[in-house]
Amino acid sequence: MKKIFIISICCFCSYNIFSQEYIVEKDTTKLQETIIIAQRKLSNYRQEKTLSSIDAYLEKANQVTMIKRGNYAWEPSLNNMVSDRLNVTIDGMQIFGACTDKMDPITSYVDVSNLEQVNINSGQEGTENGHCVGGGIDLQIAPSKFHNSGLKTSVDLGYETNGNYKVAGLDVEYSGNKFYLNTDAIFRESDNYDAGDNKEILYSQFQKYNISLQGGYQLANNHVLEANVIYDKATDVGYPALPMDVSLAEALITSVTHNYKNADAKIKSLESKLYFNTITHIMDDSKRPDVPIRMDMPGWSDTYGFYSKASLAEKKHHIRINLNGFYNRSLAEMTMYPNDPNQPDMFMYTWPDIRTLYTGLYLNDNIALNAQESISGTLRLGFHQNKIAKQVGVESLQIFHPNTSDSKNRFLLSLSGAYTIKKSMFDASLGLGYGERAPSVSEGYGFFLFNSFDRYDYIGNPNLKNEKALEFNTRINFKINNLKLGVTSSFFHISNYIIGEIDDTASPMTIGANGVRLYNALNNASIFDVYLNTSYGFSKKVSFNSSVGYNYGVGSNKENLPLIRPLSYVAEINYNTKKFNAALQLEGNGNQSKYSSFYGEDETPTYAVLNLNLGNMFHLKQHKLVFKYGVENILDTNYSTYADWNNIPRQGRNFYLNASYILF
Ligand SMILES: [Cu+2]
C-alpha cells in the first residue's frame, strides 16, 4: 500500500499558481495521498507561507510531528517514531547528523529552495532507500529542466514580527535544450521569539544560509548527466530546551547523477548516483551564564555512497529496483573544563569513530490485477557492518559490555505486501509488513550521552539485537458528491524495542543527571495510530477540511512509550479564487493523559490555536507577484505540546508577510 504524501516545495515551472488542479487531488489510482504545498503555488488544503522552513512543511503531513528543542532544526517523528527508527534521505542519499543530542536532523541541512518535494512513506513502504521501522522520508531535489526557457529569476522576501524573523531568497535559472544551470541562495535570521503573553524565550535565536548549485547536460538522446552541490551553514543557533547551543552546523552535500530514460523500452529509466556529504557540528555553552562545567562537544559525520535505481514495465508488472550502499564515519568528542584550574580537563569520545558500511538491494513489484485492483510487494535485503575505529572506544564500551568487539555484522530484511482496490465511490488498501533495523550509532556506541528529557546519561550497547517490526496498515476513502471521508491506520508490533534501561550501578558523567541508562531492548512494544480526514466543498470557492488523529504506544513492561501524540485535530475553512485565497485554521491537541513518566515525560495539557492565512497574486506583464500573509496564534495562547522538548512554550502571536517576485 502506498501511503505517500508528496509535499511539493519549489516549483518555478508551474504556470498556474492558483490553479485548482494542483490541489490535494488524491491520486487514488496509485493510492498516493498527495499534499502539494508549493513554494510558489497556493494550495487550498493547508495554506502555507511560501518561505516556510522544511520543518513547517513536513508538519502538515498527517502522521508527522516535529519534535522541537527550539525554533530551529526540528526532528521529524513519523508514526510516533523518531530518527533512529526512520530512514531520512536527501534525494536517495544517506546522510547522518553529527550531533549526539539530535540537534541536527538532516532535514535541517537543506532548505525549501533546494527541493521540489518530500515523499513520506509510512512503515515498510519507506524502505526504498534503506531499512527502517517507522517509515522513510525522502527530500527530493528538482529533476532536470531542459525547458529551453532561457533565464528566469525569482526573489523571495519574508518578514515575521515574532522574533523579528527575516528571510531572503534568490533563485536564478538558465534552461536550454542541452544544458541547464540553477543556483539559489536563501538566508534566514531570527532573534529570540516570544511565547504567548509576550514571554521571551531565551536562546531561541538562529541564523542560517544555504546555497546550492545544480547543473545538467544532455549527453545524448535519453542520457543526462547532472551535478548538485548544496552548502548549508547555521551559526548562533539557540536551543532553549537544551543545556547547550550550537555555534556551527555546517553541511556540504554533493552528488553526480547519470540518468537514462526511454519510454519505449522495457527498462523505462535507470538512475545512478555517486555522492559524498560531510557535516560539522559544534556545540557551545559559552552564552549560558550558569553551567556546572564548561564543555566542548564537536561532532563530525562523513558519508560516501551510491545508488542505482531502475524502473521496468512488463505487461501488468511495474518493477522498481534499487541497489545502494554507503560508508559513514561518525565521530564525536566531549571535553570538560573544570571550574577549578588545578583539575585536569576531561576528554572522551562520545561516538568513538564509528564506521558503518551498508549495501543492500530493494525490489518492488506492482501488479495490476484488473482495472480496479492491484497488488504490490517489496523486498529489501541488506548487509550492515559497524566498526569502532578508536581502540579506546572499544575499551570504554567493554566496561559496560565486556564482550564488545571492534566490529559487528548484521543482515537486515524488509518485506511488505499490499492489496489495493479503487472504485468510483471509494478506494481502499490493506497492507502487511515486516522489517528490521540495526541500532543507530548512539544506541550502539554512544558513550555518556546526556538526554535532557529524562536527565539520564545514555550508554550504547554494541550487542543489541536488530529491532524487528510487524506492521499492519489500512486505508479507506469514500467520495460522496462533495464530501470526502478517509480513514488511515497503522499498527506496529515491535520486538526487541530499543530503549534505555536504568543501570543503578553506574554513576553519571553529567553533573546533575539522574543516573545512567544503558540502551537495551524491551521484549516488545506496540504503536497504533488512526486518522480520520474529512473534506467538504460547499462551492467552487468555499471548502472545509478537517483531520482528527488518535495514537497509542505501550511497551511490554506495561509502561507508556514516550513521545506518543495525544488526540490531535485540525479544522480549516478555505476561500479560494484565482487571485485571492483565505483560510482560517483551528489546530489543537487533547490532554496527554497517556504520558510516560517512566521515560521522563510529564502531562501536557490540552491546547488550541487559531491561525489566519491570506494570499494574493498579481500579474504584471511578464512578471508575477505573490503575497502570502497572515496571523499565527491569533489569540496569543501560551502553550506547549507533547512534542516540545522539556515543555518549551511555542510561539505566541505572529504576523507574517512573504513576497515572491518572479521574472520570466
Ligand atoms: Cu549538538
# chains A, B, ... in the order shown; residues from 1 in each chain; ligands from 1
call {"tool": "select_by_dssp", "arguments": {"residues": "stretch 75-282 of chain A", "states": "strand (DSSP E or B)", "output": "PyMOL selection string"}}
result
chain A and resi 75-78+81+86-90+93-94+115-122+135-141+150-160+165-175+179-190+194-195+199-200+206-220+223-237+245-261+267-282
call {"tool": "closest_atom_pairs", "arguments": {"of": "chain A", "to": "ligand 1", "cutoff": "12 Å", "atoms": "only C-alpha atoms and all ligand atoms", "output": "CSV"}}
result
residue,atom,partner,partner_atom_place_in_ligand_line,distance
A:Arg69,CA,ligand 1,1 (Cu),10.9
A:Ala73,CA,ligand 1,1 (Cu),10.6
A:Gly97,CA,ligand 1,1 (Cu),9.2
A:Ala98,CA,ligand 1,1 (Cu),7.4
A:Cys99,CA,ligand 1,1 (Cu),4.2
A:Thr100,CA,ligand 1,1 (Cu),6.0
A:Asp101,CA,ligand 1,1 (Cu),5.1
A:Lys102,CA,ligand 1,1 (Cu),6.3
A:Met103,CA,ligand 1,1 (Cu),4.7
A:Asp104,CA,ligand 1,1 (Cu),6.7
A:Pro105,CA,ligand 1,1 (Cu),10.0
A:Val237,CA,ligand 1,1 (Cu),10.2
A:Gly238,CA,ligand 1,1 (Cu),10.6
A:Tyr239,CA,ligand 1,1 (Cu),9.3
A:Leu242,CA,ligand 1,1 (Cu),9.4
A:Pro243,CA,ligand 1,1 (Cu),10.2
A:Met244,CA,ligand 1,1 (Cu),7.6
A:Asp245,CA,ligand 1,1 (Cu),7.3
A:Val246,CA,ligand 1,1 (Cu),6.3
A:Ser247,CA,ligand 1,1 (Cu),9.4
A:Leu248,CA,ligand 1,1 (Cu),9.4
A:Ala249,CA,ligand 1,1 (Cu),8.6
A:Glu250,CA,ligand 1,1 (Cu),11.8
A:Ile279,CA,ligand 1,1 (Cu),11.8
A:Thr280,CA,ligand 1,1 (Cu),10.0
A:His281,CA,ligand 1,1 (Cu),6.4
A:Ile282,CA,ligand 1,1 (Cu),6.6
A:Met283,CA,ligand 1,1 (Cu),5.1
A:Asp284,CA,ligand 1,1 (Cu),8.4
A:Asp285,CA,ligand 1,1 (Cu),10.7
A:Met295,CA,ligand 1,1 (Cu),11.7
A:Asp296,CA,ligand 1,1 (Cu),10.3
A:Met297,CA,ligand 1,1 (Cu),7.4
A:Pro298,CA,ligand 1,1 (Cu),7.6
A:Gly299,CA,ligand 1,1 (Cu),7.7
A:Trp300,CA,ligand 1,1 (Cu),10.5
A:Ala332,CA,ligand 1,1 (Cu),9.7
A:Glu333,CA,ligand 1,1 (Cu),10.9
A:Met334,CA,ligand 1,1 (Cu),11.0
A:Thr350,CA,ligand 1,1 (Cu),11.7
A:Leu449,CA,ligand 1,1 (Cu),10.7
A:Phe450,CA,ligand 1,1 (Cu),10.9
A:Asn451,CA,ligand 1,1 (Cu),11.3
call {"tool": "residues_around", "arguments": {"residues": "A:Glu271", "least_positions_apart": "6", "cutoff": "12 Å", "atoms": "only C-alpha atoms", "output": "list of chain:residue names"}}
result
A:Asp91, A:Gly92, A:Pro143, A:Asn222, A:His223, A:Val224, A:Leu225, A:Glu226, A:Val256, A:Thr257, A:His258, A:Asn259, A:Tyr260, A:Lys261, A:Asn262, A:Phe306, A:Tyr307, A:Ser308, A:Lys309, A:Ala310, A:Ser311, A:Arg320, A:Ile321, A:Asn322, A:Leu323, A:Asn324
call {"tool": "closest_residue", "arguments": {"among": "A:Pro352, A:Gly417, A:Gly196, A:Pro566", "to": "A:Tyr445", "atoms": "only C-alpha atoms"}}
result
A:Pro352
call {"tool": "closest_residue", "arguments": {"among": "A:Lys152, A:Glu59, A:His131, A:Ala428", "to": "A:Thr107", "atoms": "only C-alpha atoms"}}
result
A:Glu59
call {"tool": "residues_around", "arguments": {"residues": "A:Phe146", "least_positions_apart": "2", "cutoff": "10 Å", "atoms": "only C-alpha atoms", "output": "short mmCIF file (atom, residue, chain, number, x, y, z; two decimals) with C-alpha atoms, in the first residue's frame"}}
result
data_model
loop_
_atom_site.label_atom_id
_atom_site.label_comp_id
_atom_site.auth_asym_id
_atom_site.auth_seq_id
_atom_site.Cartn_x
_atom_site.Cartn_y
_atom_site.Cartn_z
CA PRO A 143 14.61 16.98 -11.64
CA SER A 144 16.34 18.11 -14.84
CA ASN A 148 14.71 25.86 -23.31
CA SER A 149 13.08 28.71 -21.43
CA GLY A 150 16.22 30.80 -21.05
CA TYR A 174 19.12 29.12 -17.08
CA SER A 175 17.42 26.42 -19.05
CA GLY A 176 18.40 25.45 -22.58
CA ASN A 177 17.83 22.41 -24.78
CA LYS A 178 21.01 20.60 -23.85
CA PHE A 179 22.09 22.37 -20.76
CA TYR A 180 20.68 23.89 -17.61
CA LEU A 181 22.08 25.59 -14.56
CA GLY A 216 22.67 19.19 -16.14
CA TYR A 217 23.91 18.28 -19.57
CA GLN A 218 22.13 16.18 -22.16
#
call {"tool": "residues_around", "arguments": {"residues": "stretch 364-371 of chain A", "least_positions_apart": "5", "cutoff": "9 Å", "atoms": "only C-alpha atoms", "output": "PyMOL selection string"}}
result
chain A and resi 128+315-322+376-380+422
call {"tool": "residues_around", "arguments": {"residues": "A:Arg455", "least_positions_apart": "3", "cutoff": "12 Å", "atoms": "only C-alpha atoms", "output": "ChimeraX atom specification"}}
result
/A:242-243,448-452,458,500,502,508-517,598-601,645-646
call {"tool": "write_last_selection", "arguments": {"atoms": "N, CA and C atoms", "output": "PDB file, in the first residue's frame"}}
result
ATOM      1  N   LEU A 242      17.520  22.796  25.648  1.00  0.00           N
ATOM      2  CA  LEU A 242      18.715  22.018  25.944  1.00  0.00           C
ATOM      3  C   LEU A 242      19.706  22.859  26.739  1.00  0.00           C
ATOM      4  N   PRO A 243      20.665  22.203  27.408  1.00  0.00           N
ATOM      5  CA  PRO A 243      21.633  22.994  28.174  1.00  0.00           C
ATOM      6  C   PRO A 243      22.726  23.638  27.319  1.00  0.00           C
ATOM      7  N   PHE A 448      28.061   8.010  27.363  1.00  0.00           N
ATOM      8  CA  PHE A 448      27.646   9.103  28.249  1.00  0.00           C
ATOM      9  C   PHE A 448      27.014  10.260  27.469  1.00  0.00           C
ATOM     10  N   LEU A 449      25.966   9.932  26.745  1.00  0.00           N
ATOM     11  CA  LEU A 449      25.208  10.964  26.025  1.00  0.00           C
ATOM     12  C   LEU A 449      24.102  11.443  26.951  1.00  0.00           C
ATOM     13  N   PHE A 450      24.174  12.712  27.315  1.00  0.00           N
ATOM     14  CA  PHE A 450      23.178  13.249  28.251  1.00  0.00           C
ATOM     15  C   PHE A 450      21.877  13.550  27.521  1.00  0.00           C
ATOM     16  N   ASN A 451      20.791  12.976  28.031  1.00  0.00           N
ATOM     17  CA  ASN A 451      19.475  13.233  27.470  1.00  0.00           C
ATOM     18  C   ASN A 451      18.745  14.175  28.422  1.00  0.00           C
ATOM     19  N   SER A 452      18.548  15.426  27.996  1.00  0.00           N
ATOM     20  CA  SER A 452      17.969  16.420  28.904  1.00  0.00           C
ATOM     21  C   SER A 452      16.477  16.202  29.102  1.00  0.00           C
ATOM     22  N   TYR A 458      23.196   8.337  28.703  1.00  0.00           N
ATOM     23  CA  TYR A 458      22.919   7.103  27.975  1.00  0.00           C
ATOM     24  C   TYR A 458      24.210   6.469  27.460  1.00  0.00           C
ATOM     25  N   GLY A 500      16.335   2.978  26.582  1.00  0.00           N
ATOM     26  CA  GLY A 500      17.292   2.990  27.687  1.00  0.00           C
ATOM     27  C   GLY A 500      16.735   2.328  28.943  1.00  0.00           C
ATOM     28  N   ILE A 502      17.560   1.745  33.115  1.00  0.00           N
ATOM     29  CA  ILE A 502      18.359   2.313  34.210  1.00  0.00           C
ATOM     30  C   ILE A 502      19.373   1.297  34.727  1.00  0.00           C
ATOM     31  N   PRO A 508      26.593   8.788  36.737  1.00  0.00           N
ATOM     32  CA  PRO A 508      26.592   9.627  35.538  1.00  0.00           C
ATOM     33  C   PRO A 508      27.826  10.515  35.439  1.00  0.00           C
ATOM     34  N   MET A 509      28.132  10.931  34.245  1.00  0.00           N
ATOM     35  CA  MET A 509      29.242  11.842  33.984  1.00  0.00           C
ATOM     36  C   MET A 509      28.740  13.276  34.104  1.00  0.00           C
ATOM     37  N   THR A 510      27.507  13.512  33.648  1.00  0.00           N
ATOM     38  CA  THR A 510      26.948  14.857  33.627  1.00  0.00           C
ATOM     39  C   THR A 510      26.550  15.275  35.040  1.00  0.00           C
ATOM     40  N   ILE A 511      26.997  16.449  35.417  1.00  0.00           N
ATOM     41  CA  ILE A 511      26.660  16.950  36.750  1.00  0.00           C
ATOM     42  C   ILE A 511      25.161  17.249  36.794  1.00  0.00           C
ATOM     43  N   GLY A 512      24.488  16.723  37.807  1.00  0.00           N
ATOM     44  CA  GLY A 512      23.057  16.968  37.942  1.00  0.00           C
ATOM     45  C   GLY A 512      22.183  15.931  37.248  1.00  0.00           C
ATOM     46  N   ALA A 513      22.789  14.957  36.578  1.00  0.00           N
ATOM     47  CA  ALA A 513      21.984  13.935  35.909  1.00  0.00           C
ATOM     48  C   ALA A 513      21.368  13.000  36.940  1.00  0.00           C
ATOM     49  N   ASN A 514      20.224  12.395  36.558  1.00  0.00           N
ATOM     50  CA  ASN A 514      19.528  11.494  37.473  1.00  0.00           C
ATOM     51  C   ASN A 514      20.216  10.150  37.609  1.00  0.00           C
ATOM     52  N   GLY A 515      20.999   9.773  36.617  1.00  0.00           N
ATOM     53  CA  GLY A 515      21.633   8.462  36.640  1.00  0.00           C
ATOM     54  C   GLY A 515      22.063   8.048  35.245  1.00  0.00           C
ATOM     55  N   VAL A 516      22.279   6.751  35.086  1.00  0.00           N
ATOM     56  CA  VAL A 516      22.746   6.227  33.798  1.00  0.00           C
ATOM     57  C   VAL A 516      21.722   5.231  33.259  1.00  0.00           C
ATOM     58  N   ARG A 517      21.462   5.336  31.987  1.00  0.00           N
ATOM     59  CA  ARG A 517      20.646   4.312  31.312  1.00  0.00           C
ATOM     60  C   ARG A 517      21.501   3.651  30.244  1.00  0.00           C
ATOM     61  N   PHE A 598       7.651   7.195  33.276  1.00  0.00           N
ATOM     62  CA  PHE A 598       8.774   6.264  33.386  1.00  0.00           C
ATOM     63  C   PHE A 598       9.949   6.707  32.524  1.00  0.00           C
ATOM     64  N   TYR A 599       9.658   7.312  31.381  1.00  0.00           N
ATOM     65  CA  TYR A 599      10.721   7.784  30.494  1.00  0.00           C
ATOM     66  C   TYR A 599      10.860   9.301  30.524  1.00  0.00           C
ATOM     67  N   GLY A 600      10.490   9.908  31.633  1.00  0.00           N
ATOM     68  CA  GLY A 600      10.800  11.309  31.857  1.00  0.00           C
ATOM     69  C   GLY A 600       9.784  12.304  31.327  1.00  0.00           C
ATOM     70  N   GLU A 601       8.607  11.818  30.931  1.00  0.00           N
ATOM     71  CA  GLU A 601       7.623  12.730  30.364  1.00  0.00           C
ATOM     72  C   GLU A 601       6.667  13.214  31.449  1.00  0.00           C
ATOM     73  N   TRP A 645      10.246  19.639  23.568  1.00  0.00           N
ATOM     74  CA  TRP A 645      11.260  19.121  24.496  1.00  0.00           C
ATOM     75  C   TRP A 645      11.228  19.936  25.776  1.00  0.00           C
ATOM     76  N   ASN A 646      11.116  19.290  26.914  1.00  0.00           N
ATOM     77  CA  ASN A 646      11.089  19.975  28.204  1.00  0.00           C
ATOM     78  C   ASN A 646      10.052  21.105  28.270  1.00  0.00           C
TER      79      ASN A 646
END
call {"tool": "closest_atom_pairs", "arguments": {"of": "stretch 99-146 of chain A", "to": "stretch 76-85 of chain A", "cutoff": "8 Å", "atoms": "only C-alpha atoms", "output": "CSV"}}
result
residue,atom,partner,partner_atom,distance
A:Pro105,CA,A:Ser83,CA,7.6
A:Ser122,CA,A:Asn79,CA,7.3
A:Gly123,CA,A:Asn79,CA,7.9
A:Cys132,CA,A:Arg85,CA,5.5
A:Val133,CA,A:Arg85,CA,5.2
A:Gly134,CA,A:Arg85,CA,5.5
A:Gly135,CA,A:Leu78,CA,6.6
call {"tool": "write_last_selection", "arguments": {"atoms": "N, CA, C and O atoms", "output": "CSV table (one decimal), in the first residue's frame"}}
result
chain,number,residue,atom,x,y,z
A,105,PRO,N,18.9,17.1,12.9
A,105,PRO,CA,18.2,16.2,12.0
A,105,PRO,C,18.6,16.6,10.6
A,105,PRO,O,18.8,17.8,10.3
A,122,SER,N,5.0,5.6,4.9
A,122,SER,CA,4.8,5.0,6.2
A,122,SER,C,5.3,3.6,6.3
A,122,SER,O,5.2,2.8,5.4
A,123,GLY,N,5.9,3.3,7.4
A,123,GLY,CA,6.4,1.9,7.7
A,123,GLY,C,7.3,1.3,6.7
A,123,GLY,O,8.1,1.9,6.1
A,132,CYS,N,14.1,0.6,7.8
A,132,CYS,CA,13.5,1.5,8.8
A,132,CYS,C,12.4,0.7,9.5
A,132,CYS,O,12.0,-0.4,9.0
A,133,VAL,N,11.9,1.2,10.6
A,133,VAL,CA,10.7,0.6,11.2
A,133,VAL,C,9.5,1.6,11.1
A,133,VAL,O,8.4,1.2,10.7
A,134,GLY,N,9.7,2.9,11.3
A,134,GLY,CA,8.6,3.8,11.3
A,134,GLY,C,8.3,4.3,9.9
A,134,GLY,O,7.1,4.7,9.7
A,135,GLY,N,9.2,4.4,9.0
A,135,GLY,CA,8.9,4.9,7.7
A,135,GLY,C,10.1,5.6,7.1
A,135,GLY,O,11.2,5.7,7.7
call {"tool": "closest_residue", "arguments": {"among": "A:Met346, A:Leu657, A:Ile375, A:Ala142", "to": "A:Leu51", "atoms": "only C-alpha atoms"}}
result
A:Leu657
call {"tool": "closest_residue", "arguments": {"among": "A:Asp111, A:Glu160, A:Asp427, A:Asp197", "to": "A:Ala659", "atoms": "only C-alpha atoms"}}
result
A:Glu160
